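Engineer: This is query-v9.txt (compact mmCIF, C-alpha atoms and all ligand atoms).
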```txt
# COMPACT_ATOMS: atom_id res chain seq x y z
CA MET I 1 -130.22 -56.60 67.31
CA VAL I 2 -129.27 -58.96 70.13
CA LYS I 3 -130.92 -62.38 69.82
CA LYS I 4 -128.58 -64.80 71.54
CA ILE I 5 -126.73 -64.42 74.79
CA TYR I 6 -124.24 -66.63 76.58
CA ILE I 7 -123.84 -66.34 80.36
CA ILE I 8 -120.81 -67.88 82.06
CA GLY I 9 -121.35 -68.17 85.82
CA LEU I 10 -124.95 -68.69 86.92
CA GLY I 11 -124.83 -67.63 90.55
CA LEU I 12 -126.51 -64.69 92.29
CA ILE I 13 -125.51 -62.09 89.70
CA GLY I 14 -125.46 -64.18 86.50
CA GLY I 15 -128.79 -65.72 87.50
CA SER I 16 -130.36 -62.34 88.31
CA ILE I 17 -129.20 -60.89 84.99
CA ALA I 18 -130.61 -63.89 83.12
CA LEU I 19 -133.95 -63.61 84.91
CA SER I 20 -134.28 -59.89 84.22
CA ILE I 21 -133.38 -60.28 80.54
CA LYS I 22 -135.85 -63.16 80.12
CA GLN I 23 -138.60 -61.30 81.91
CA ASN I 24 -138.13 -58.23 79.71
CA ASP I 25 -137.79 -60.08 76.41
CA PRO I 26 -138.58 -63.82 76.41
CA THR I 27 -137.58 -64.06 72.74
CA ILE I 28 -133.91 -63.56 73.62
CA ASP I 29 -132.29 -66.97 73.69
CA ILE I 30 -130.00 -67.52 76.69
CA LEU I 31 -127.39 -70.24 76.84
CA GLY I 32 -125.63 -70.67 80.18
CA PHE I 33 -122.64 -72.44 81.68
CA ASP I 34 -121.42 -72.92 85.23
CA ILE I 35 -118.57 -75.11 86.46
CA ASN I 36 -121.00 -76.20 89.12
CA HIS I 37 -123.42 -78.24 87.01
CA ASP I 38 -126.11 -78.15 89.71
CA GLN I 39 -126.18 -74.34 89.51
CA ALA I 40 -126.60 -74.49 85.74
CA ALA I 41 -129.33 -77.14 85.97
CA MET I 42 -131.17 -75.05 88.54
CA ALA I 43 -130.86 -71.93 86.33
CA LYS I 44 -132.65 -73.83 83.57
CA LYS I 45 -135.22 -75.23 85.96
CA ILE I 46 -136.25 -71.79 87.21
CA GLY I 47 -136.45 -70.48 83.65
CA ALA I 48 -133.48 -68.13 83.87
CA ILE I 49 -131.80 -69.71 80.84
CA ASP I 50 -133.05 -71.69 77.85
CA ASP I 51 -130.19 -74.17 77.55
CA VAL I 52 -127.26 -75.42 79.58
CA SER I 53 -123.89 -75.78 77.91
CA GLN I 54 -121.83 -78.73 79.14
CA THR I 55 -118.52 -77.05 78.27
CA LEU I 56 -117.12 -73.56 78.78
CA PHE I 57 -116.70 -72.98 75.07
CA PRO I 58 -119.37 -74.72 72.99
CA ASN I 59 -120.17 -73.45 69.51
CA LEU I 60 -120.58 -69.71 70.14
CA GLU I 61 -120.56 -68.47 66.54
CA ASN I 62 -124.15 -67.21 66.73
CA ILE I 63 -123.83 -65.51 70.16
CA ASP I 64 -124.21 -61.69 70.12
CA VAL I 65 -123.30 -60.90 73.73
CA ILE I 66 -121.31 -62.87 76.32
CA PHE I 67 -121.71 -62.13 80.05
CA ILE I 68 -118.95 -63.33 82.38
CA SER I 69 -120.41 -63.44 85.88
CA THR I 70 -117.79 -65.38 87.81
CA PRO I 71 -115.50 -64.23 90.66
CA VAL I 72 -113.04 -61.67 89.27
CA GLU I 73 -109.93 -63.91 89.11
CA GLN I 74 -111.93 -66.48 87.13
CA THR I 75 -113.11 -63.69 84.85
CA LEU I 76 -109.48 -62.93 83.90
CA LYS I 77 -108.84 -66.63 83.19
CA ILE I 78 -111.91 -66.85 80.96
CA ILE I 79 -110.95 -63.67 79.06
CA SER I 80 -107.47 -65.11 78.54
CA GLN I 81 -108.96 -68.03 76.58
CA LEU I 82 -111.38 -66.08 74.36
CA ASN I 83 -108.95 -65.51 71.50
CA GLU I 84 -108.83 -69.28 70.90
CA VAL I 85 -112.62 -69.54 70.53
CA ARG I 86 -114.53 -69.08 67.25
CA LEU I 87 -116.85 -66.17 67.98
CA LYS I 88 -119.15 -63.96 65.91
CA LYS I 89 -117.19 -61.00 64.54
CA GLY I 90 -117.86 -57.96 66.72
CA VAL I 91 -119.24 -60.02 69.62
CA ILE I 92 -119.60 -57.90 72.76
CA VAL I 93 -118.13 -59.40 75.91
CA THR I 94 -119.09 -57.88 79.23
CA ASP I 95 -118.60 -58.85 82.87
CA VAL I 96 -120.18 -58.06 86.23
CA GLY I 97 -117.09 -58.08 88.45
CA SER I 98 -116.79 -55.83 91.48
CA THR I 99 -113.44 -54.51 90.23
CA LYS I 100 -112.77 -52.96 86.87
CA GLY I 101 -109.13 -51.77 86.51
CA LYS I 102 -107.41 -55.15 86.17
CA ILE I 103 -110.20 -56.68 84.09
CA VAL I 104 -110.52 -53.89 81.51
CA GLU I 105 -106.74 -53.52 81.25
CA TYR I 106 -106.37 -57.26 80.73
CA ALA I 107 -109.13 -57.35 78.10
CA GLU I 108 -107.60 -54.41 76.22
CA LYS I 109 -104.18 -56.04 76.21
CA HIS I 110 -105.14 -59.60 75.35
CA LEU I 111 -108.33 -59.69 73.29
CA ASN I 112 -108.11 -59.62 69.51
CA HIS I 113 -109.85 -56.78 67.74
CA SER I 114 -112.93 -58.68 66.66
CA ILE I 115 -113.99 -58.97 70.31
CA VAL I 116 -115.34 -55.82 71.94
CA PHE I 117 -115.10 -55.62 75.72
CA VAL I 118 -117.37 -53.45 77.86
CA GLY I 119 -116.76 -53.74 81.60
CA GLY I 120 -119.83 -53.84 83.83
CA HIS I 121 -120.68 -53.79 87.52
CA PRO I 122 -124.21 -53.86 88.88
CA MET I 123 -123.94 -52.04 92.19
CA ALA I 124 -126.37 -54.17 94.12
CA GLY I 125 -126.34 -57.65 95.45
CA SER I 126 -126.38 -59.48 98.68
CA HIS I 127 -124.25 -61.42 101.14
CA LYS I 128 -125.91 -64.53 99.71
CA SER I 129 -124.52 -66.50 96.76
CA GLY I 130 -125.87 -68.90 94.19
CA ILE I 131 -128.70 -69.18 91.71
CA LEU I 132 -131.31 -69.75 94.41
CA ALA I 133 -130.70 -66.23 95.73
CA ALA I 134 -131.10 -64.72 92.21
CA LYS I 135 -133.99 -62.33 91.57
CA SER I 136 -135.17 -60.61 88.41
CA HIS I 137 -135.53 -57.31 90.30
CA LEU I 138 -132.19 -57.42 92.14
CA PHE I 139 -130.83 -54.39 90.29
CA GLU I 140 -134.00 -52.29 90.15
CA ASN I 141 -133.09 -48.65 90.98
CA ALA I 142 -129.46 -49.62 91.56
CA PHE I 143 -126.57 -48.06 89.68
CA TYR I 144 -125.07 -50.26 86.98
CA ILE I 145 -121.59 -49.00 86.14
CA LEU I 146 -120.18 -49.49 82.66
CA THR I 147 -116.49 -49.05 81.87
CA ALA I 148 -115.87 -49.25 78.14
CA SER I 149 -112.57 -50.57 76.83
CA LYS I 150 -110.68 -48.57 74.19
CA LEU I 151 -112.25 -50.55 71.37
CA ALA I 152 -115.83 -50.05 72.54
CA THR I 153 -117.90 -47.27 70.98
CA SER I 154 -120.96 -45.61 72.50
CA GLU I 155 -123.02 -47.90 70.25
CA HIS I 156 -121.56 -50.97 71.95
CA VAL I 157 -122.29 -49.47 75.36
CA HIS I 158 -125.82 -48.69 74.20
CA THR I 159 -126.32 -52.30 73.08
CA ILE I 160 -125.42 -53.54 76.57
CA ILE I 161 -127.81 -51.01 78.14
CA GLN I 162 -130.58 -52.19 75.79
CA VAL I 163 -129.96 -55.85 76.63
CA LEU I 164 -130.06 -55.02 80.34
CA LYS I 165 -133.16 -52.83 80.11
CA GLY I 166 -135.13 -55.35 82.17
CA THR I 167 -132.86 -54.83 85.17
CA LYS I 168 -134.43 -51.34 85.56
CA ALA I 169 -131.02 -50.19 86.77
CA ASN I 170 -129.57 -46.70 86.34
CA PHE I 171 -126.66 -46.99 83.94
CA ILE I 172 -123.65 -44.81 84.45
CA GLU I 173 -120.30 -44.73 82.62
CA MET I 174 -116.93 -44.05 84.17
CA THR I 175 -113.29 -45.00 83.82
CA PRO I 176 -112.05 -48.22 85.46
CA SER I 177 -109.83 -46.20 87.78
CA GLU I 178 -112.72 -43.98 88.95
CA HIS I 179 -114.78 -47.11 89.47
CA ASP I 180 -112.13 -48.82 91.61
CA GLN I 181 -111.55 -45.80 93.82
CA ILE I 182 -115.26 -45.22 94.41
CA THR I 183 -116.15 -48.86 95.06
CA GLY I 184 -113.03 -49.15 97.22
CA VAL I 185 -114.37 -46.55 99.63
CA ILE I 186 -118.08 -47.43 99.62
CA SER I 187 -118.00 -51.20 99.21
CA HIS I 188 -114.63 -52.98 99.39
CA PHE I 189 -113.17 -51.25 102.44
CA PRO I 190 -116.43 -51.53 104.44
CA HIS I 191 -116.26 -55.31 103.92
CA ILE I 192 -112.82 -55.34 105.53
CA VAL I 193 -114.07 -53.23 108.45
CA ALA I 194 -117.11 -55.50 108.92
CA ALA I 195 -114.90 -58.60 109.05
CA SER I 196 -112.49 -56.91 111.46
CA LEU I 197 -115.32 -56.01 113.85
CA VAL I 198 -116.38 -59.66 113.85
CA PHE I 199 -112.81 -60.71 114.71
CA GLN I 200 -112.72 -58.20 117.53
CA ALA I 201 -115.96 -59.51 119.05
CA GLU I 202 -114.81 -63.11 118.65
CA LYS I 203 -111.62 -62.34 120.58
CA TYR I 204 -113.62 -60.77 123.42
CA GLU I 205 -115.85 -63.80 123.60
CA GLU I 206 -112.99 -65.80 125.17
CA GLN I 207 -113.15 -63.50 128.18
CA PHE I 208 -116.85 -62.62 128.02
CA PRO I 209 -118.89 -65.56 126.71
CA LEU I 210 -121.98 -63.34 126.71
CA VAL I 211 -120.59 -61.35 123.77
CA LYS I 212 -122.12 -63.70 121.21
CA ARG I 213 -125.58 -63.64 122.76
CA LEU I 214 -125.58 -59.88 123.16
CA ALA I 215 -124.18 -59.14 119.70
CA ALA I 216 -127.59 -58.46 118.22
CA GLY I 217 -129.18 -55.35 116.69
CA GLY I 218 -126.63 -52.76 115.58
CA PHE I 219 -123.71 -55.16 115.64
CA ARG I 220 -125.52 -57.59 113.37
CA ASP I 221 -126.48 -54.75 111.02
CA ILE I 222 -123.00 -53.31 110.69
CA THR I 223 -121.43 -56.76 110.22
CA ARG I 224 -124.04 -58.32 107.89
CA ILE I 225 -121.71 -58.09 104.92
CA ALA I 226 -119.08 -60.16 106.77
CA SER I 227 -121.30 -63.13 105.85
CA SER I 228 -120.49 -62.69 102.14
CA SER I 229 -118.55 -65.21 100.02
CA PRO I 230 -114.91 -65.33 101.31
CA ALA I 231 -113.52 -66.45 97.92
CA MET I 232 -115.25 -63.63 96.09
CA TRP I 233 -113.97 -60.99 98.53
CA ARG I 234 -110.44 -62.42 98.56
CA ASP I 235 -110.30 -61.90 94.80
CA ILE I 236 -111.81 -58.40 94.98
CA LEU I 237 -109.21 -57.24 97.53
CA LEU I 238 -106.35 -58.66 95.48
CA HIS I 239 -107.63 -56.88 92.38
CA ASN I 240 -108.09 -53.51 94.04
CA LYS I 241 -104.81 -53.43 95.96
CA GLN I 242 -103.65 -49.83 95.38
CA PRO I 243 -106.88 -47.97 96.23
CA LEU I 244 -107.32 -50.23 99.26
CA LEU I 245 -103.78 -49.63 100.56
CA GLN I 246 -104.49 -45.90 100.38
CA LEU I 247 -107.78 -46.40 102.25
CA PHE I 248 -106.03 -48.40 104.99
CA GLU I 249 -103.67 -45.46 105.56
CA GLU I 250 -106.53 -42.97 105.73
CA TRP I 251 -108.66 -45.21 107.96
CA ILE I 252 -105.82 -45.84 110.42
CA SER I 253 -105.10 -42.13 110.70
CA GLU I 254 -108.82 -41.44 111.17
CA MET I 255 -108.99 -44.08 113.93
CA ASN I 256 -105.99 -42.48 115.60
CA ARG I 257 -107.69 -39.08 115.45
CA VAL I 258 -110.84 -40.39 117.19
CA LYS I 259 -108.73 -42.41 119.62
CA GLN I 260 -107.04 -39.17 120.67
CA PHE I 261 -110.41 -37.46 121.23
CA VAL I 262 -111.34 -40.31 123.58
CA ALA I 263 -107.94 -40.35 125.31
CA ASP I 264 -108.10 -36.58 125.88
CA GLU I 265 -111.81 -36.68 126.78
CA GLU I 266 -112.54 -34.10 124.06
CA ALA I 267 -116.34 -34.09 124.48
CA GLU I 268 -116.90 -31.33 121.96
CA GLU I 269 -114.71 -32.94 119.31
CA LEU I 270 -116.52 -36.25 119.81
CA PHE I 271 -119.89 -34.57 119.47
CA THR I 272 -118.74 -32.84 116.27
CA TYR I 273 -117.36 -36.14 114.95
CA PHE I 274 -120.65 -38.00 115.38
CA ASN I 275 -122.74 -35.02 114.36
CA HIS I 276 -120.85 -34.60 111.10
CA ALA I 277 -121.11 -38.32 110.34
CA LYS I 278 -124.83 -38.25 111.13
CA SER I 279 -125.62 -35.33 108.88
CA TYR I 280 -123.63 -36.78 105.95
CA ARG I 281 -125.27 -40.19 106.39
CA ASP I 282 -128.75 -38.71 106.85
CA GLY I 283 -128.25 -36.96 103.52
CA LEU I 284 -127.48 -40.13 101.56
CA PRO I 285 -130.13 -40.95 98.96
CA GLU I 286 -132.64 -43.36 100.44
CA LYS I 287 -134.65 -44.65 97.52
CA GLN I 288 -131.66 -45.49 95.36
CA LYS I 289 -130.07 -48.86 95.95
CA GLY I 290 -126.36 -48.60 96.67
CA ALA I 291 -123.57 -51.17 96.63
CA ILE I 292 -124.55 -52.11 100.14
CA PRO I 293 -128.30 -52.18 99.79
CA ALA I 294 -130.80 -51.10 102.36
CA PHE I 295 -133.37 -53.57 103.49
CA TYR I 296 -136.76 -52.22 104.36
CA ASP I 297 -137.51 -53.54 107.82
CA LEU I 298 -140.90 -53.79 109.42
CA PHE I 299 -141.43 -54.71 113.07
CA VAL I 300 -144.55 -56.57 114.13
CA ASP I 301 -145.66 -56.99 117.73
CA VAL I 302 -146.89 -60.55 117.93
CA PRO I 303 -148.15 -62.77 120.73
CA ASP I 304 -145.56 -65.29 121.82
CA TYR I 305 -147.09 -68.61 120.73
CA PRO I 306 -145.91 -71.37 118.40
CA GLY I 307 -147.09 -70.90 114.84
CA VAL I 308 -147.25 -67.11 114.91
CA ILE I 309 -144.45 -66.78 112.34
CA SER I 310 -146.15 -69.04 109.83
CA GLU I 311 -149.40 -67.19 110.49
CA VAL I 312 -147.85 -63.81 109.58
CA THR I 313 -145.84 -65.16 106.63
CA GLY I 314 -149.00 -66.92 105.48
CA TYR I 315 -150.83 -63.56 105.27
CA LEU I 316 -147.95 -62.14 103.20
CA ALA I 317 -147.93 -65.19 100.94
CA MET I 318 -151.68 -64.79 100.30
CA GLU I 319 -150.97 -61.31 98.92
CA GLU I 320 -147.77 -62.45 97.14
CA ILE I 321 -145.51 -60.13 99.11
CA SER I 322 -141.89 -61.36 99.12
CA LEU I 323 -139.79 -61.30 102.26
CA THR I 324 -135.99 -61.00 102.19
CA ASN I 325 -135.43 -61.64 105.88
CA ILE I 326 -137.25 -62.70 109.00
CA ARG I 327 -136.11 -62.69 112.60
CA ILE I 328 -137.64 -62.88 116.06
CA ILE I 329 -136.21 -60.35 118.44
CA GLU I 330 -135.99 -62.13 121.74
CA THR I 331 -134.77 -59.40 124.01
CA ARG I 332 -138.11 -58.73 125.66
CA GLU I 333 -139.68 -60.77 128.35
CA GLU I 334 -143.23 -59.50 128.20
CA ILE I 335 -146.09 -61.38 126.61
CA TYR I 336 -145.39 -59.95 123.20
CA GLY I 337 -142.45 -60.75 120.97
CA VAL I 338 -141.26 -58.67 118.05
CA LEU I 339 -140.97 -60.05 114.56
CA ARG I 340 -138.56 -58.24 112.30
CA LEU I 341 -139.44 -58.65 108.62
CA GLY I 342 -137.14 -57.44 105.83
CA PHE I 343 -138.40 -56.39 102.40
CA GLN I 344 -136.60 -55.58 99.18
CA THR I 345 -138.54 -52.41 98.45
CA GLU I 346 -140.38 -49.70 100.32
CA GLN I 347 -143.51 -50.60 98.36
CA ASP I 348 -143.35 -54.23 99.54
CA ARG I 349 -143.09 -52.98 103.13
CA GLU I 350 -146.06 -50.66 102.64
CA ASN I 351 -148.08 -53.54 101.16
CA ALA I 352 -147.08 -55.72 104.13
CA ILE I 353 -148.37 -53.10 106.60
CA GLN I 354 -151.73 -53.05 104.80
CA CYS I 355 -151.82 -56.84 104.57
CA ILE I 356 -151.01 -57.54 108.22
CA GLY I 357 -153.53 -54.86 109.23
CA LYS I 358 -156.17 -56.55 107.06
CA TYR I 359 -155.79 -60.07 108.44
CA SER I 360 -154.79 -59.43 112.06
CA ASN I 361 -154.75 -56.82 114.78
CA TYR I 362 -150.99 -57.05 115.28
CA GLU I 363 -149.33 -53.68 115.58
CA THR I 364 -146.70 -52.89 112.94
CA PHE I 365 -144.05 -50.23 113.22
CA ILE I 366 -140.99 -48.92 111.38
CA ILE I 367 -137.83 -47.74 113.13
N1 LIG Z 1 -122.55 -60.85 95.33
C1 LIG Z 1 -122.82 -59.60 95.05
O1 LIG Z 1 -123.56 -58.96 95.76
C2 LIG Z 1 -122.20 -58.97 93.84
C3 LIG Z 1 -121.21 -59.61 93.12
N2 LIG Z 1 -120.67 -59.00 92.03
C4 LIG Z 1 -119.65 -59.71 91.23
O2 LIG Z 1 -120.34 -60.70 90.50
C5 LIG Z 1 -119.50 -61.82 90.28
C6 LIG Z 1 -120.26 -63.08 90.66
O3 LIG Z 1 -120.64 -62.99 92.00
P1 LIG Z 1 -121.90 -63.78 92.57
O4 LIG Z 1 -122.89 -64.03 91.49
O5 LIG Z 1 -122.31 -63.08 93.79
O6 LIG Z 1 -121.22 -65.14 92.98
P2 LIG Z 1 -121.90 -66.59 93.06
O7 LIG Z 1 -120.96 -67.41 93.86
O8 LIG Z 1 -123.30 -66.51 93.46
O9 LIG Z 1 -121.83 -67.04 91.54
C7 LIG Z 1 -120.65 -67.25 90.82
C8 LIG Z 1 -120.85 -68.46 89.94
O10 LIG Z 1 -119.73 -68.59 89.07
C9 LIG Z 1 -119.44 -69.97 88.95
N3 LIG Z 1 -118.06 -70.09 88.50
C10 LIG Z 1 -116.93 -69.87 89.21
N4 LIG Z 1 -115.85 -70.05 88.43
C11 LIG Z 1 -116.32 -70.37 87.20
C12 LIG Z 1 -115.69 -70.67 85.96
N5 LIG Z 1 -114.38 -70.67 85.83
N6 LIG Z 1 -116.48 -70.97 84.91
C13 LIG Z 1 -117.83 -70.99 85.05
N7 LIG Z 1 -118.48 -70.73 86.18
C14 LIG Z 1 -117.72 -70.41 87.25
C15 LIG Z 1 -119.70 -70.54 90.32
O11 LIG Z 1 -119.88 -71.94 90.30
C16 LIG Z 1 -120.94 -69.77 90.75
O12 LIG Z 1 -122.12 -70.45 90.40
C17 LIG Z 1 -118.22 -61.57 91.06
O13 LIG Z 1 -117.23 -61.15 90.19
C18 LIG Z 1 -118.59 -60.45 92.01
O14 LIG Z 1 -117.48 -59.63 92.26
C19 LIG Z 1 -121.13 -57.81 91.54
C20 LIG Z 1 -122.13 -57.15 92.21
C21 LIG Z 1 -122.72 -57.66 93.42
O1 LIG Z 2 -124.44 -57.52 100.58
C1 LIG Z 2 -124.16 -56.36 100.32
O2 LIG Z 2 -124.71 -55.43 100.87
C2 LIG Z 2 -123.15 -56.07 99.30
O3 LIG Z 2 -122.15 -55.47 99.57
C3 LIG Z 2 -123.50 -56.45 97.92
C4 LIG Z 2 -122.46 -56.16 96.91
C5 LIG Z 2 -121.36 -56.98 96.80
C6 LIG Z 2 -120.42 -56.73 95.83
C7 LIG Z 2 -120.60 -55.68 94.97
O4 LIG Z 2 -119.69 -55.45 94.03
C8 LIG Z 2 -121.70 -54.86 95.04
C9 LIG Z 2 -122.64 -55.11 96.03
```
If you took the structure in this file and wrote it as structure tokens, what would it be?
Ligand SMILES: NC(=O)C1=CN([C@@H]2O[C@H](COP(=O)(O)OP(=O)(O)OC[C@H]3O[C@@H](n4cnc5c(N)ncnc54)[C@H](O)[C@@H]3O)[C@@H](O)[C@H]2O)C=CC1
Ligand SMILES: O=C(O)C(=O)Cc1ccc(O)cc1

Structural biologist:
Amino acid sequence: MVKKIYIIGLGLIGGSIALSIKQNDPTIDILGFDINHDQAAMAKKIGAIDDVSQTLFPNLENIDVIFISTPVEQTLKIISQLNEVRLKKGVIVTDVGSTKGKIVEYAEKHLNHSIVFVGGHPMAGSHKSGILAAKSHLFENAFYILTASKLATSEHVHTIIQVLKGTKANFIEMTPSEHDQITGVISHFPHIVAASLVFQAEKYEEQFPLVKRLAAGGFRDITRIASSSPAMWRDILLHNKQPLLQLFEEWISEMNRVKQFVADEEAEELFTYFNHAKSYRDGLPEKQKGAIPAFYDLFVDVPDYPGVISEVTGYLAMEEISLTNIRIIETREEIYGVLRLGFQTEQDRENAIQCIGKYSNYETFII
């Protein structure tokens, strides 16, 4: 039975895990540490953890499970020191890193046999960092991948699943190599593409200063993840080198294929290209959160006067509906403006439609 947990790294993911564990079982005692003391203090203030440790390795002899939720290079450094620490025999150590191969291999090679390592990766998150972005429901409906090390039994894996029950995630087991290839294609490589599109636009801005002002809508959507933590993504790319090198090759040859269609004005091939992409994408599961989560957007036609944003957000606050994003779309010059509101879940968006309809006559629509 898990009673005491230690969380190292109290940012977006460590904080969200702490909140979900606490919400599900307040009797579990959570001790936390972060090299950034303000993050740790804030984690305690918002009730994510019970106590802050002032050092990385305080007395941990009564800790049942240790979560390492730091950037992946830091995770390796922390694992490398665990053998020197007095820990409970059979303690389970798990992590949340976006890569698994290097971490699990390192843990298997270096940890003594009284420490059981189970790799973990919640496949949801955000481009935001830090404890203030943490949410107890961040992983609801998302996949949470577990990659057991050689020493871990199904009982150890089950213990981690039990501890993380409050995340309401869908747990799935795979090998570290499967994990790294899959996340390479659906998460890591798309981050590289997003950043490269931003570079391309920035270069064009020298010649066409309007680029920045016109880069709204689709461009913002496809490049949102380029706003993620640079240090975190640097480490992820360095950890997942081989699968990513393979993906670069495949991507470049795919770009060359499409480039040729354009050069040769192959209308039919271009139609087939987009049509195939559309039908595959349209078939992706919608309700499940993926590594790159969907945000549920709602558009509201509002009159263009000062205070209208606080009016609408005030209605949502009255009904305790949380927003993840808010933006005014300024491309129209008529009397009405459009407010784009982002929600974490489809249910929140549905509640917002009802709420705005109840308090105002503003028209809401979904695209
Ligand atoms: N951001 C995301 O959407 C997701 C991130 N991940 C993984 O989760 C891990 C953490 O990412 P985030 O929570 O997003 O980052 P974050 O930047 O919000 O939090 C990381 C925290 O770790 C602390 N930290 C760094 N080095 C430390 C050390 N040596 N000892 C103690 N604390 C240390 C930082 O001060 C920071 O508070 C990364 O490995 C990342 O790959 C996994 C899923 C989603
Ligand atoms: O912001 C986004 O959409 C992300 O891509 C979140 C994310 C970041 C890292 C992960 O390992 C998993 C999910």

Engineer: Write out as an mmCIF file with C-alpha atoms, keeping the file's coordinate frame the residues lying within 12 Å of segment 103-109 of chain I, counting all atoms listed in the file and excluding same-chain residues fewer than 4 positions away.

Structural biologist:
```cif
data_model
loop_
_atom_site.group_PDB
_atom_site.id
_atom_site.type_symbol
_atom_site.label_atom_id
_atom_site.label_comp_id
_atom_site.auth_asym_id
_atom_site.auth_seq_id
_atom_site.Cartn_x
_atom_site.Cartn_y
_atom_site.Cartn_z
ATOM 1 C CA ILE I 68 -118.950 -63.330 82.380
ATOM 2 C CA PRO I 71 -115.500 -64.230 90.660
ATOM 3 C CA VAL I 72 -113.040 -61.670 89.270
ATOM 4 C CA GLU I 73 -109.930 -63.910 89.110
ATOM 5 C CA GLN I 74 -111.930 -66.480 87.130
ATOM 6 C CA THR I 75 -113.110 -63.690 84.850
ATOM 7 C CA LEU I 76 -109.480 -62.930 83.900
ATOM 8 C CA LYS I 77 -108.840 -66.630 83.190
ATOM 9 C CA ILE I 78 -111.910 -66.850 80.960
ATOM 10 C CA ILE I 79 -110.950 -63.670 79.060
ATOM 11 C CA SER I 80 -107.470 -65.110 78.540
ATOM 12 C CA GLN I 81 -108.960 -68.030 76.580
ATOM 13 C CA LEU I 82 -111.380 -66.080 74.360
ATOM 14 C CA ASN I 83 -108.950 -65.510 71.500
ATOM 15 C CA ILE I 92 -119.600 -57.900 72.760
ATOM 16 C CA VAL I 93 -118.130 -59.400 75.910
ATOM 17 C CA THR I 94 -119.090 -57.880 79.230
ATOM 18 C CA ASP I 95 -118.600 -58.850 82.870
ATOM 19 C CA VAL I 96 -120.180 -58.060 86.230
ATOM 20 C CA GLY I 97 -117.090 -58.080 88.450
ATOM 21 C CA SER I 98 -116.790 -55.830 91.480
ATOM 22 C CA THR I 99 -113.440 -54.510 90.230
ATOM 23 C CA HIS I 113 -109.850 -56.780 67.740
ATOM 24 C CA SER I 114 -112.930 -58.680 66.660
ATOM 25 C CA ILE I 115 -113.990 -58.970 70.310
ATOM 26 C CA VAL I 116 -115.340 -55.820 71.940
ATOM 27 C CA PHE I 117 -115.100 -55.620 75.720
ATOM 28 C CA VAL I 118 -117.370 -53.450 77.860
ATOM 29 C CA GLY I 119 -116.760 -53.740 81.600
ATOM 30 C CA GLY I 120 -119.830 -53.840 83.830
ATOM 31 C CA HIS I 121 -120.680 -53.790 87.520
ATOM 32 C CA LEU I 146 -120.180 -49.490 82.660
ATOM 33 C CA THR I 147 -116.490 -49.050 81.870
ATOM 34 C CA ALA I 148 -115.870 -49.250 78.140
ATOM 35 C CA SER I 149 -112.570 -50.570 76.830
ATOM 36 C CA LYS I 150 -110.680 -48.570 74.190
ATOM 37 C CA LEU I 151 -112.250 -50.550 71.370
ATOM 38 C CA ALA I 152 -115.830 -50.050 72.540
ATOM 39 C CA THR I 175 -113.290 -45.000 83.820
ATOM 40 C CA PRO I 176 -112.050 -48.220 85.460
ATOM 41 C CA SER I 177 -109.830 -46.200 87.780
ATOM 42 C CA HIS I 179 -114.780 -47.110 89.470
ATOM 43 C CA ASP I 180 -112.130 -48.820 91.610
ATOM 44 C CA ASP I 235 -110.300 -61.900 94.800
ATOM 45 C CA ILE I 236 -111.810 -58.400 94.980
ATOM 46 C CA HIS I 239 -107.630 -56.880 92.380
ATOM 47 C CA ASN I 240 -108.090 -53.510 94.040
#
```

Engineer: Which of these residues is nearest to Pro26 of chain I, using all atoms listed in the file: I:Ala48, I:Leu12, I:Val157, I:Val65?

Structural biologist: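 Looking only at the distances to Pro26 of chain I, the closest residue turns out to be I:Ala48.
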
Engineer: Show me which residues are within 6 Å of ligand LIG 1 (chain Z) counting only C-alpha atoms and all ligand atoms, and format the list as a PyMOL selection string.

Structural biologist: chain I and resi 8-14+34-36+39+69-72+74+96-98+121-127+129-130+232

Engineer: Counting all atoms listed in the file, figure out which residue out of I:Leu298, I:Ile321, I:Val163, I:Ile172 gets nearest to Thr27 of chain I.

Structural biologist: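 Going through I:Leu298, I:Ile321, I:Val163, I:Ile172 one by one, the smallest distance to Thr27 of chain I is for I:Val163.
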
Engineer: What does the distance from atom CA of Arg349 of chain I to atom CA of Val312 of chain I come to in Å, to one decimal?

Structural biologist: 13.5 Å

Engineer: Rank nothing, just name the residue among I:Ile225, I:Ala18, I:Met318, I:Ala195 nearest to ligand LIG 2 (chain Z), using only C-alpha atoms and all ligand atoms.

Structural biologist: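 Among I:Ile225, I:Ala18, I:Met318, I:Ala195, it is I:Ile225 that comes nearest to ligand LIG 2 (chain Z).
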
Engineer: Compare I:Glu249, I:Asp297, I:Asp304, I:Asp25 by their minimum atom-to-atom distance to Gln344 of chain I, counting only C-alpha atoms, and give me the closest one.

Structural biologist: I:Asp297

Engineer: Between atom CA of Ile63 of chain I and atom CA of Ile5 of chain I, what is the distance, to one decimal in Å?

Structural biologist: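 Interatomic distance here is 5.6 Å.
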
Engineer: Got a sec: who's within 12 Å of Ala226 of chain I, counting all atoms listed in the file, leaving out chain neighbours fewer than 5 positions off, as a list in words?

Structural biologist: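 The residues satisfying every condition are Ser126, His127, Lys128, Ser187, His188, Phe189, Pro190, His191, Ile192, Val193, Ala194, Ala195, Ser196, Leu197, Val198, Phe199, Phe219, Arg220, Asp221, Met232, Trp233 and Ile292 of chain I.
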
Engineer: Taking (-132.7, -52.3, 91.6) in the file's coordinates as the center, which residues reach within 7 Å of it, counting all atoms listed in the file, put as a short mmCIF file (atom, residue, chain, number, x, y, z; two decimals) with C-alpha atoms, in the frame of the given file?

Structural biologist:
```cif
data_model
loop_
_atom_site.label_atom_id
_atom_site.label_comp_id
_atom_site.auth_asym_id
_atom_site.auth_seq_id
_atom_site.Cartn_x
_atom_site.Cartn_y
_atom_site.Cartn_z
CA HIS I 137 -135.53 -57.31 90.30
CA LEU I 138 -132.19 -57.42 92.14
CA PHE I 139 -130.83 -54.39 90.29
CA GLU I 140 -134.00 -52.29 90.15
CA ASN I 141 -133.09 -48.65 90.98
CA ALA I 142 -129.46 -49.62 91.56
CA THR I 167 -132.86 -54.83 85.17
CA LYS I 168 -134.43 -51.34 85.56
CA ALA I 169 -131.02 -50.19 86.77
CA LYS I 289 -130.07 -48.86 95.95
#
```
